[in-house]
$ cat work06.txt   # compact mmCIF, C-alpha atoms
# COMPACT_ATOMS: atom_id res chain seq x y z
CA MET A 155 5.85 -28.51 -3.37
CA PRO A 156 4.47 -26.75 -0.29
CA HIS A 157 7.15 -24.05 -0.21
CA LYS A 158 6.21 -22.81 -3.70
CA GLN A 159 3.66 -20.00 -3.57
CA ASN A 160 2.14 -17.67 -6.11
CA PRO A 161 4.06 -14.35 -5.76
CA ILE A 162 1.03 -12.18 -6.55
CA LEU A 163 0.69 -10.79 -3.00
CA ALA A 164 4.34 -9.77 -2.85
CA GLU A 165 4.07 -8.19 -6.30
CA LEU A 166 0.93 -6.36 -5.21
CA LEU A 167 2.76 -4.87 -2.22
CA VAL A 168 5.60 -3.65 -4.44
CA THR A 169 3.12 -2.19 -6.93
CA ILE A 170 1.18 -0.35 -4.21
CA ALA A 171 4.44 1.00 -2.76
CA GLY A 172 5.51 2.33 -6.15
CA TYR A 173 2.15 3.90 -6.92
CA THR A 174 1.67 5.55 -3.54
CA SER A 175 5.23 6.91 -3.55
CA GLN A 176 4.32 8.81 -6.71
CA GLN A 177 1.05 10.01 -5.18
CA SER A 178 2.85 11.28 -2.08
CA GLY A 179 4.57 13.78 -4.36
CA THR A 180 1.13 15.05 -5.35
CA LEU A 181 0.21 15.49 -1.70
CA ASN A 182 3.47 17.32 -1.05
CA SER A 183 2.78 19.75 -3.88
CA ALA A 184 -0.71 20.34 -2.45
CA MET A 185 0.86 21.60 0.79
CA VAL A 186 2.01 24.76 -0.98
CA HIS A 187 -0.87 27.23 -1.02
CA GLU A 188 -1.63 30.89 -0.85
CA GLN A 189 -2.13 32.99 2.28
CA GLU A 190 -5.67 31.67 2.71
CA ARG A 191 -6.51 28.00 2.26
CA SER A 192 -6.61 27.40 -1.49
CA GLY A 193 -9.59 25.61 -2.99
CA THR A 194 -7.45 23.98 -5.67
CA THR A 195 -5.05 22.32 -3.26
CA TRP A 196 -7.92 21.11 -1.10
CA VAL A 197 -9.49 19.41 -4.13
CA LEU A 198 -6.13 17.91 -5.09
CA GLU A 199 -5.83 16.38 -1.62
CA PHE A 200 -9.45 15.22 -1.77
CA ILE A 201 -8.80 13.42 -5.07
CA THR A 202 -5.51 11.80 -4.02
CA LEU A 203 -5.85 10.86 -0.36
CA PRO A 204 -8.86 8.46 -0.46
CA ASP A 205 -7.24 6.30 -3.13
CA MET A 206 -4.02 6.14 -1.17
CA LEU A 207 -5.83 5.16 2.03
CA GLN A 208 -7.74 2.43 0.23
CA LEU A 209 -4.51 1.08 -1.26
CA TYR A 210 -2.83 1.15 2.17
CA SER A 211 -5.73 -0.85 3.56
CA ASN A 212 -5.39 -3.41 0.76
CA ALA A 213 -1.65 -3.57 1.36
CA LEU A 214 -2.14 -4.31 5.06
CA VAL A 215 -4.59 -7.13 4.31
CA SER A 216 -2.25 -8.56 1.67
CA ALA A 217 0.76 -8.32 3.98
CA GLN A 218 -1.15 -10.09 6.75
CA SER A 219 -2.09 -12.88 4.36
CA LEU A 220 1.49 -13.12 3.10
CA ILE A 221 2.84 -13.35 6.65
CA GLY A 222 0.32 -16.11 7.36
CA GLN A 223 1.66 -18.06 4.38
CA ILE A 224 5.23 -17.68 5.59
CA ILE A 225 4.35 -18.88 9.07
CA SER A 226 2.42 -21.87 7.70
CA VAL A 227 5.37 -22.91 5.52
CA GLY A 228 7.66 -22.69 8.54
CA VAL A 229 5.31 -24.88 10.56
CA GLN A 230 5.17 -27.51 7.80
CA GLU A 231 8.93 -27.75 7.64
CA THR A 232 9.43 -28.28 11.38
CA GLY A 233 6.53 -30.70 11.68
CA GLU A 234 4.74 -28.77 14.44

$ encode --input "work06.txt" --output "structure tokens"
Amino acid sequence: MPHKQNPILAELLVTIAGYTSQQSGTLNSAMVHEQERSGTTWVLEFITLPDMLQLYSNALVSAQSLIGQIISVGVQETGE
């Protein structure tokens, strides 16, 4: 059946959203620092932010692929 698809991309998007929402709390806590720029909060941001950006990139690629699947199913149904 052409309308049946493996839901792994949609599940991946939900998983990335859940994980990065937790990591955003870490970034928010890193905003609180002393009078001068704290070395500990800078390292906390340095550890957290690259992983989040990489996951966002993967999410965008997965979402683009998922949208392509939805459009292709719509085209098959109308016969265009």

$ closest_residue --input "work06.txt" --among "A:Leu181, A:Val186, A:Leu214, A:Val168" --to "Leu198 (chain A)" --atoms "all atoms listed in the file"
A:Leu181

$ residues_near_point --input "work06.txt" --point "(-1.6, 4.6, -2.0)" --cutoff "9 Å" --atoms "only C-alpha atoms" --output "list in words"
Ile170, Ala171, Gly172, Tyr173, Thr174, Ser175, Gln176, Gln177, Ser178, Thr202, Leu203, Pro204, Asp205, Met206, Leu207, Gln208, Leu209, Tyr210, Ser211 and Ala213 of chain A

$ closest_residue --input "work06.txt" --among "A:Ser216, A:Asn182, A:Thr194, A:Gln223" --to "Glu165 (chain A)" --atoms "only C-alpha atoms"
A:Ser216

$ atom_distance --input "work06.txt" --atom1 "CA of Glu199 (chain A)" --atom2 "CA of Ala217 (chain A)"
26.2 Å

$ atom_distance --input "work06.txt" --atom1 "CA of Ile162 (chain A)" --atom2 "CA of Ile221 (chain A)"
13.4 Å

$ atom_distance --input "work06.txt" --atom1 "CA of Ile224 (chain A)" --atom2 "CA of Thr169 (chain A)"
20.0 Å

$ closest_residue --input "work06.txt" --among "A:Gly193, A:Leu220, A:Ala184, A:Asn212" --to "Leu163 (chain A)" --atoms "only C-alpha atoms"
A:Leu220

$ axis_aligned_box --input "work06.txt" --around "region 201-213 of chain A" --padding-each-side "5 Å" --output "lines of an AutoDock Vina configuration file"
center_x = -5.3
center_y = 4.9
center_z = -0.8
size_x = 17.2
size_y = 27.0
size_z = 18.6
